[in-house]
>>> print(open('input02.cif').read())   # mmCIF, C-alpha atoms
data_my_file
#
loop_
_atom_site.label_atom_id
_atom_site.label_comp_id
_atom_site.auth_asym_id
_atom_site.auth_seq_id
_atom_site.Cartn_x
_atom_site.Cartn_y
_atom_site.Cartn_z
CA MET Q 4 -29.46 23.09 -18.63
CA THR Q 5 -25.82 23.85 -17.91
CA ALA Q 6 -23.66 21.46 -15.90
CA THR Q 7 -21.90 22.77 -12.84
CA THR Q 8 -18.14 22.18 -12.54
CA HIS Q 9 -16.21 21.43 -9.38
CA SER Q 10 -13.98 24.29 -8.28
CA LYS Q 11 -10.52 22.83 -7.72
CA SER Q 12 -8.33 24.41 -5.08
CA THR Q 13 -4.61 24.77 -5.76
CA GLU Q 14 -1.91 25.21 -3.16
CA HIS Q 15 0.30 28.31 -3.35
CA PRO Q 16 2.77 29.87 -0.86
CA ALA Q 17 1.35 32.12 1.84
CA ALA Q 18 2.81 35.51 2.79
CA THR Q 19 4.10 35.00 6.35
CA ALA Q 20 6.88 36.50 8.47
CA ASN Q 21 9.75 35.22 10.59
CA GLY Q 22 8.30 34.38 13.99
CA VAL Q 23 11.51 35.03 15.94
CA VAL Q 24 11.66 38.67 14.80
CA MET Q 25 8.00 39.19 15.61
CA LEU Q 26 8.40 37.49 18.99
CA LEU Q 27 11.20 39.88 19.94
CA THR Q 28 9.15 42.82 18.69
CA SER Q 29 6.06 41.81 20.67
CA LEU Q 30 8.11 41.16 23.81
CA THR Q 31 9.73 44.57 23.48
CA LEU Q 32 6.34 46.26 23.20
CA THR Q 33 4.78 44.17 25.97
CA LEU Q 34 7.61 44.83 28.43
CA GLY Q 35 8.27 48.37 27.27
CA GLY Q 36 4.72 49.54 27.90
CA PRO Q 37 4.85 49.08 31.70
CA LEU Q 38 8.31 50.64 31.80
CA ILE Q 39 6.97 53.76 30.09
CA VAL Q 40 4.10 53.94 32.56
CA ALA Q 41 6.46 53.44 35.48
CA SER Q 42 8.80 56.15 34.25
CA ASN Q 43 6.13 58.86 34.63
CA PRO Q 44 2.92 57.50 36.20
CA ASP Q 45 1.47 60.98 36.69
CA ALA Q 46 1.48 61.79 32.96
CA ILE Q 47 -1.72 60.67 31.24
CA ALA Q 48 0.03 60.49 27.88
CA PHE Q 49 2.69 58.12 29.26
CA VAL Q 50 0.07 55.91 30.87
CA ILE Q 51 -2.09 55.70 27.74
CA GLY Q 52 0.94 55.16 25.52
CA GLY Q 53 2.38 52.45 27.74
CA ILE Q 54 -0.92 50.57 27.93
CA ALA Q 55 -1.33 50.85 24.14
CA LEU Q 56 2.16 49.47 23.48
CA ALA Q 57 1.65 46.55 25.87
CA THR Q 58 -1.72 45.79 24.27
CA ILE Q 59 -0.21 45.85 20.79
CA GLY Q 60 2.61 43.55 21.94
CA LEU Q 61 0.15 41.02 23.34
CA PHE Q 62 -1.96 41.29 20.20
CA LEU Q 63 1.06 40.56 17.96
CA MET Q 64 1.87 37.44 19.99
CA CYS Q 65 -1.46 35.96 18.93
CA GLY Q 66 -0.11 35.67 15.37
CA LEU Q 67 2.75 33.33 16.33
CA TYR Q 68 2.73 29.65 15.40
CA SER Q 69 5.32 26.96 14.78
CA LEU Q 70 5.79 24.36 12.04
CA GLN Q 71 7.74 21.12 12.18
CA PRO Q 72 9.45 19.47 9.18
CA ASN Q 73 6.94 18.04 6.69
CA GLU Q 74 4.13 20.08 8.17
CA GLY Q 75 2.14 22.89 6.58
CA SER Q 76 -0.33 25.53 7.68
CA ALA Q 77 -3.13 26.78 5.46
CA ILE Q 78 -3.76 30.50 5.99
CA LEU Q 79 -7.33 31.79 5.67
CA LEU Q 80 -8.88 35.23 5.98
CA PHE Q 81 -12.55 35.02 6.90
CA GLY Q 82 -12.79 31.67 5.09
CA ASP Q 83 -10.85 32.79 2.01
CA TYR Q 84 -7.77 30.66 1.29
CA ARG Q 85 -4.64 32.82 1.16
CA GLY Q 86 -1.93 30.19 0.76
CA THR Q 87 -0.01 27.51 2.63
CA ASP Q 88 3.10 28.07 4.73
CA ARG Q 89 5.62 25.18 4.63
CA LYS Q 90 8.57 26.97 6.23
CA THR Q 91 9.64 25.28 9.45
CA GLY Q 92 10.28 26.98 12.78
CA LEU Q 93 8.52 29.89 14.47
CA ARG Q 94 6.29 31.78 12.00
CA TRP Q 95 3.92 34.76 12.21
CA VAL Q 96 0.89 36.14 10.39
CA LEU Q 97 -1.55 38.87 11.28
CA PRO Q 98 -3.64 37.63 14.23
CA TRP Q 99 -6.94 37.86 12.38
CA TYR Q 100 -5.77 35.21 9.89
CA THR Q 101 -6.95 31.65 10.62
CA ARG Q 102 -4.40 28.84 10.52
CA LYS Q 103 -5.16 25.17 9.77
CA LYS Q 104 -2.24 22.80 10.20
CA ILE Q 105 -1.88 19.70 8.05
CA SER Q 106 0.70 16.91 8.12
CA LEU Q 107 2.65 16.36 4.90
CA ARG Q 108 4.44 13.28 6.19
CA VAL Q 109 4.27 9.86 4.56
CA ARG Q 110 1.43 7.76 5.98
CA ASN Q 111 0.87 4.03 6.06
CA LEU Q 112 -2.61 2.53 5.70
CA THR Q 113 -3.52 -1.13 6.07
CA SER Q 114 -7.07 -1.71 4.93
CA ASP Q 115 -9.55 -4.02 6.60
CA LYS Q 116 -9.90 -7.57 5.26
CA LEU Q 117 -12.55 -7.36 2.56
CA LYS Q 118 -14.66 -10.27 1.37
CA VAL Q 119 -15.01 -9.98 -2.40
CA ASN Q 120 -15.52 -12.18 -5.45
CA ASP Q 121 -12.65 -12.72 -7.85
CA LYS Q 122 -12.98 -12.85 -11.64
CA ARG Q 123 -14.35 -16.41 -11.46
CA GLY Q 124 -16.85 -15.55 -8.75
CA ASN Q 125 -14.97 -17.30 -5.96
CA PRO Q 126 -15.30 -15.55 -2.58
CA ILE Q 127 -11.90 -14.42 -1.30
CA GLU Q 128 -10.50 -12.30 1.52
CA ILE Q 129 -8.15 -9.51 0.52
CA ALA Q 130 -6.46 -6.55 2.20
CA ALA Q 131 -3.93 -3.97 1.02
CA ASN Q 132 -1.14 -1.89 2.47
CA VAL Q 133 -0.95 1.62 1.00
CA VAL Q 134 1.75 4.26 1.50
CA TRP Q 135 0.46 7.77 0.79
CA ARG Q 136 1.04 11.45 1.56
CA VAL Q 137 -0.58 14.82 1.02
CA GLU Q 138 0.92 16.69 -1.93
CA ASP Q 139 -1.53 19.60 -2.30
CA SER Q 140 -2.73 20.87 1.07
CA ALA Q 141 -5.40 23.11 -0.45
CA GLN Q 142 -7.11 20.20 -2.22
CA ALA Q 143 -6.84 17.99 0.85
CA LEU Q 144 -8.42 20.58 3.14
CA PHE Q 145 -10.99 22.23 0.88
CA ASP Q 146 -11.91 19.88 -2.00
CA VAL Q 147 -13.01 16.93 0.16
CA ASP Q 148 -14.78 16.84 3.49
CA ASP Q 149 -12.27 14.63 5.35
CA PHE Q 150 -9.26 13.64 3.27
CA GLN Q 151 -8.16 10.79 5.59
CA GLN Q 152 -11.58 9.16 5.57
CA PHE Q 153 -11.77 9.80 1.82
CA VAL Q 154 -8.51 7.91 1.26
CA ASN Q 155 -9.68 4.99 3.45
CA ILE Q 156 -12.93 4.63 1.49
CA GLN Q 157 -11.22 4.92 -1.89
CA VAL Q 158 -8.66 2.26 -0.94
CA ASP Q 159 -11.47 -0.17 -0.07
CA THR Q 160 -13.40 0.68 -3.23
CA GLY Q 161 -10.34 0.45 -5.48
CA LEU Q 162 -9.32 -2.86 -3.92
CA ARG Q 163 -12.77 -4.36 -4.51
CA ASP Q 164 -12.78 -3.22 -8.13
CA MET Q 165 -9.26 -4.47 -8.80
CA ALA Q 166 -9.87 -7.90 -7.25
CA SER Q 167 -12.89 -8.49 -9.49
CA HIS Q 168 -10.65 -8.27 -12.59
CA TYR Q 169 -8.33 -11.14 -11.59
CA ALA Q 170 -8.75 -14.79 -10.69
CA TYR Q 171 -7.30 -15.89 -7.36
CA ASP Q 172 -5.15 -18.48 -9.13
CA HIS Q 173 -5.21 -20.91 -12.07
CA GLY Q 174 -6.23 -18.33 -14.62
CA GLU Q 175 -6.40 -18.93 -18.34
CA GLU Q 176 -3.23 -19.08 -20.42
CA HIS Q 177 -1.11 -15.91 -20.02
CA GLU Q 178 -3.73 -14.49 -17.64
CA LEU Q 179 -2.51 -12.66 -14.53
CA THR Q 180 -3.71 -13.96 -11.17
CA LEU Q 181 -3.80 -12.42 -7.71
CA ARG Q 182 -1.58 -15.05 -6.13
CA ALA Q 183 1.00 -15.65 -8.85
CA ASP Q 184 1.48 -12.11 -10.17
CA ALA Q 185 1.76 -9.98 -7.05
CA GLU Q 186 3.98 -7.31 -8.62
CA ASP Q 187 1.69 -6.73 -11.61
CA VAL Q 188 -1.39 -6.73 -9.39
CA ALA Q 189 0.25 -4.19 -7.04
CA ALA Q 190 1.05 -1.93 -9.99
CA ARG Q 191 -2.57 -2.14 -11.17
CA LEU Q 192 -3.84 -1.36 -7.66
CA ARG Q 193 -1.56 1.68 -7.33
CA GLU Q 194 -2.66 2.96 -10.74
CA GLU Q 195 -6.28 2.51 -9.71
CA LEU Q 196 -5.81 4.39 -6.44
CA VAL Q 197 -3.81 7.26 -7.96
CA GLY Q 198 -6.77 8.24 -10.11
CA ARG Q 199 -9.25 7.88 -7.26
CA VAL Q 200 -7.48 10.06 -4.66
CA LYS Q 201 -6.09 12.71 -7.02
CA VAL Q 202 -9.02 15.02 -6.27
CA ALA Q 203 -7.94 15.13 -2.61
CA GLY Q 204 -4.39 16.26 -3.42
CA VAL Q 205 -3.01 12.90 -2.27
CA VAL Q 206 -0.16 10.91 -3.84
CA ILE Q 207 0.09 7.11 -3.63
CA ASP Q 208 3.73 6.10 -3.23
CA GLU Q 209 3.16 2.35 -2.95
CA ALA Q 210 0.31 -0.14 -2.84
CA ARG Q 211 0.64 -3.87 -2.20
CA ILE Q 212 -1.56 -6.81 -1.29
CA ALA Q 213 -1.14 -7.46 2.44
CA HIS Q 214 -3.54 -10.41 2.81
CA LEU Q 215 -4.96 -12.85 0.29
CA ALA Q 216 -6.89 -16.03 1.02
CA TYR Q 217 -9.99 -17.93 0.03
CA ALA Q 218 -13.07 -17.19 2.11
CA PRO Q 219 -13.58 -19.70 4.96
CA GLU Q 220 -16.61 -21.35 3.36
CA ILE Q 221 -14.61 -22.59 0.36
CA ALA Q 222 -11.10 -22.67 1.81
CA SER Q 223 -11.28 -26.40 2.63
CA ALA Q 224 -12.47 -27.37 -0.85
CA MET Q 225 -9.84 -25.19 -2.53
CA LEU Q 226 -7.13 -26.67 -0.31
CA LYS Q 227 -8.10 -30.17 -1.45
CA ARG Q 228 -7.95 -29.05 -5.06
CA GLN Q 229 -4.50 -27.54 -4.56
CA GLN Q 230 -3.30 -30.74 -2.85
CA ALA Q 231 -4.65 -32.85 -5.70
CA GLU Q 232 -2.93 -30.67 -8.27
CA ALA Q 233 0.32 -30.87 -6.31
CA VAL Q 234 0.09 -34.69 -6.18
CA LEU Q 235 -0.66 -34.82 -9.91
CA ALA Q 236 2.32 -32.61 -10.71
CA ALA Q 237 4.58 -34.76 -8.53
CA ARG Q 238 3.33 -37.93 -10.25
CA GLN Q 239 4.03 -36.48 -13.67
CA LEU Q 240 7.57 -35.65 -12.60
CA ILE Q 241 8.10 -39.15 -11.13
CA VAL Q 242 6.81 -40.88 -14.28
CA LYS Q 243 8.96 -38.71 -16.51
CA GLY Q 244 12.04 -39.54 -14.46
CA ALA Q 245 11.18 -43.24 -14.32
CA VAL Q 246 10.80 -43.46 -18.09
CA GLY Q 247 14.22 -41.89 -18.52
CA MET Q 248 15.79 -44.31 -16.04
CA VAL Q 249 14.23 -47.34 -17.76
CA GLU Q 250 15.37 -46.13 -21.14
CA ASN Q 251 18.93 -45.69 -19.88
CA ALA Q 252 18.89 -49.15 -18.26
CA LEU Q 253 17.79 -50.90 -21.46
CA THR Q 254 20.36 -48.98 -23.49
CA ASP Q 255 23.20 -49.88 -21.11
CA LEU Q 256 22.19 -53.57 -21.05
CA GLY Q 257 22.11 -53.68 -24.82
CA GLU Q 258 25.44 -51.90 -25.30
CA ARG Q 259 27.27 -54.05 -22.74
CA GLY Q 260 25.73 -57.33 -23.93
CA VAL Q 261 24.81 -58.39 -20.42
CA VAL Q 262 21.62 -60.13 -21.49
CA GLU Q 263 19.65 -60.63 -24.68
CA LEU Q 264 15.99 -59.63 -24.37
CA ASP Q 265 13.29 -60.07 -26.95
CA GLU Q 266 10.49 -57.55 -27.32
CA ASP Q 267 8.14 -59.36 -24.94
CA ARG Q 268 10.76 -59.57 -22.21
CA LYS Q 269 11.69 -55.93 -22.72
CA ALA Q 270 8.04 -54.99 -22.28
CA ALA Q 271 7.81 -57.05 -19.08
CA MET Q 272 11.03 -55.52 -17.76
CA VAL Q 273 9.83 -52.00 -18.55
CA SER Q 274 6.53 -52.70 -16.79
CA ASN Q 275 8.26 -54.07 -13.70
CA LEU Q 276 10.74 -51.21 -13.49
CA LEU Q 277 8.02 -48.59 -13.87
CA VAL Q 278 5.99 -50.24 -11.12
CA VAL Q 279 8.99 -50.22 -8.82
CA LEU Q 280 10.03 -46.65 -9.60
CA CYS Q 281 6.54 -45.13 -9.52
CA ALA Q 282 5.11 -46.99 -6.54
CA ASP Q 283 4.23 -45.14 -3.33
CA ARG Q 284 5.80 -47.87 -1.19
CA GLU Q 285 9.13 -49.65 -1.39
CA ALA Q 286 9.17 -52.72 -3.61
CA GLN Q 287 9.39 -56.16 -2.00
CA PRO Q 288 12.26 -58.20 -3.49
CA VAL Q 289 11.42 -61.56 -5.15
CA VAL Q 290 14.13 -64.22 -5.61
CA ASN Q 291 13.86 -65.95 -8.95
CA THR Q 292 15.00 -69.61 -8.48
CA GLY Q 293 14.26 -70.65 -12.04
CA THR Q 294 15.64 -69.57 -15.36
CA LEU Q 295 15.22 -66.11 -16.81
CA TYR Q 296 12.37 -67.34 -19.00
CA GLY Q 297 10.93 -69.96 -16.66
#
>>> encode(input="input02.cif", output="structure tokens")
Amino acid sequence: MTATTHSKSTEHPAATANGVVMLLTSLTLTLGGPLIVASNPDAIAFVIGGIALATIGLFLMCGLYSLQPNEGSAILLFGDYRGTDRKTGLRWVLPWYTRKKISLRVRNLTSDKLKVNDKRGNPIEIAANVVWRVEDSAQALFDVDDFQQFVNIQVDTGLRDMASHYAYDHGEEHELTLRADAEDVAARLREELVGRVKVAGVVIDEARIAHLAYAPEIASAMLKRQQAEAVLAARQLIVKGAVGMVENALTDLGERGVVELDEDRKAAMVSNLLVVLCADREAQPVVNTGTLYG
């Protein structure tokens, strides 16, 4: 059994003419025909000739069309692709040629919010913003059924696949995450989409994550975890700073000879200072009316 291969269309320039020249020609024929008939209405040859010229002029006008910047027109003859015209302005082809216009401008697509599972299986909501354009009009028009719908579906599919390869956050050591490594994730998404839409003659200029959040059913729990981690990180920073301050205080007291402290009193002083510096609330002062050791 032999496998069938997909026939890939390739854009090439179409043979078209300047529309202004053909417009003047058709107007000349259309207006000249009645003038010839009017010049000698009794002569059959003049009447037939004038009608024929006017008919030809009107027929030629049917081949006129216009193109704006970044717009193309695929030319077909009875369904056979004959090329694409990208020249702007008024253009002309033989009237029996079919013309299918296609926009070559840059387009912006924001996907719907998709509910997917990240690498750890957590449900998340994600959406992407994609900037794309048609590069090969023949592939876009003839190799896929509807190239715009095709791009929309491939963006959703590529986004789902990409999201499943990354954790939302807190990945393993040196592991990229969706939230912390937006640039790398965007590059991976663009690479994924380029391969998916290539068959449609489409180029992806840019792809970025437009929305990223935990799914509503776990958002509250994940928020509590993030808050706990933030509190823990803040505590670690406070303790580290407090230890440094206590160390500096003991060193300064010893160097200046302000007071002599044995090891037990140093330990008590360190404990008291750490409690004061690391406490959530302001310390309440206590007046010592006895001796230092009493």
>>> atom_distance(input="input02.cif", atom1="CA of Gly198 (chain Q)", atom2="CA of Asn132 (chain Q)")
17.1 Å
>>> closest_residue(input="input02.cif", among="Q:Asn21, Q:His177, Q:Val197, Q:Asp146", to="Val158 (chain Q)", atoms="only C-alpha atoms")
Q:Val197
>>> resolve_selection(input="input02.cif", expression="the PyMOL selection byres ((chain Q and resi 213) around 8)", output="list in words")
Thr113, Ile129, Ala130, Ala131, Asn132, Arg211, Ile212, His214 and Leu215 of chain Q
>>> resolve_selection(input="input02.cif", expression="the PyMOL selection byres ((chain Q and resi 61) around 12)", output="list in words")
Met25, Leu26, Leu27, Thr28, Ser29, Leu30, Thr31, Leu32, Thr33, Leu34, Gly35, Gly36, Ile54, Ala55, Leu56, Ala57, Thr58, Ile59, Gly60, Phe62, Leu63, Met64, Cys65, Gly66, Leu67 and Pro98 of chain Q
>>> residues_around(input="input02.cif", residues="Arg89 (chain Q)", least_positions_apart="3", cutoff="8 Å", atoms="all atoms listed in the file", output="PyMOL selection string")
chain Q and resi 16+70+73-76
>>> atom_distance(input="input02.cif", atom1="CA of Ala141 (chain Q)", atom2="CA of Gly161 (chain Q)")
23.7 Å
>>> atom_distance(input="input02.cif", atom1="CA of Asp187 (chain Q)", atom2="CA of Val200 (chain Q)")
20.4 Å
>>> resolve_selection(input="input02.cif", expression="the PyMOL selection byres ((chain Q and resi 124) around 12)", output="ChimeraX atom specification")
/Q:118-123,125-127,166-171,217-218,221
>>> residues_around(input="input02.cif", residues="Val134 (chain Q)", least_positions_apart="3", cutoff="12 Å", atoms="all atoms listed in the file", output="PyMOL selection string")
chain Q and resi 108-114+131+137+154-155+158+193+196-197+205-212
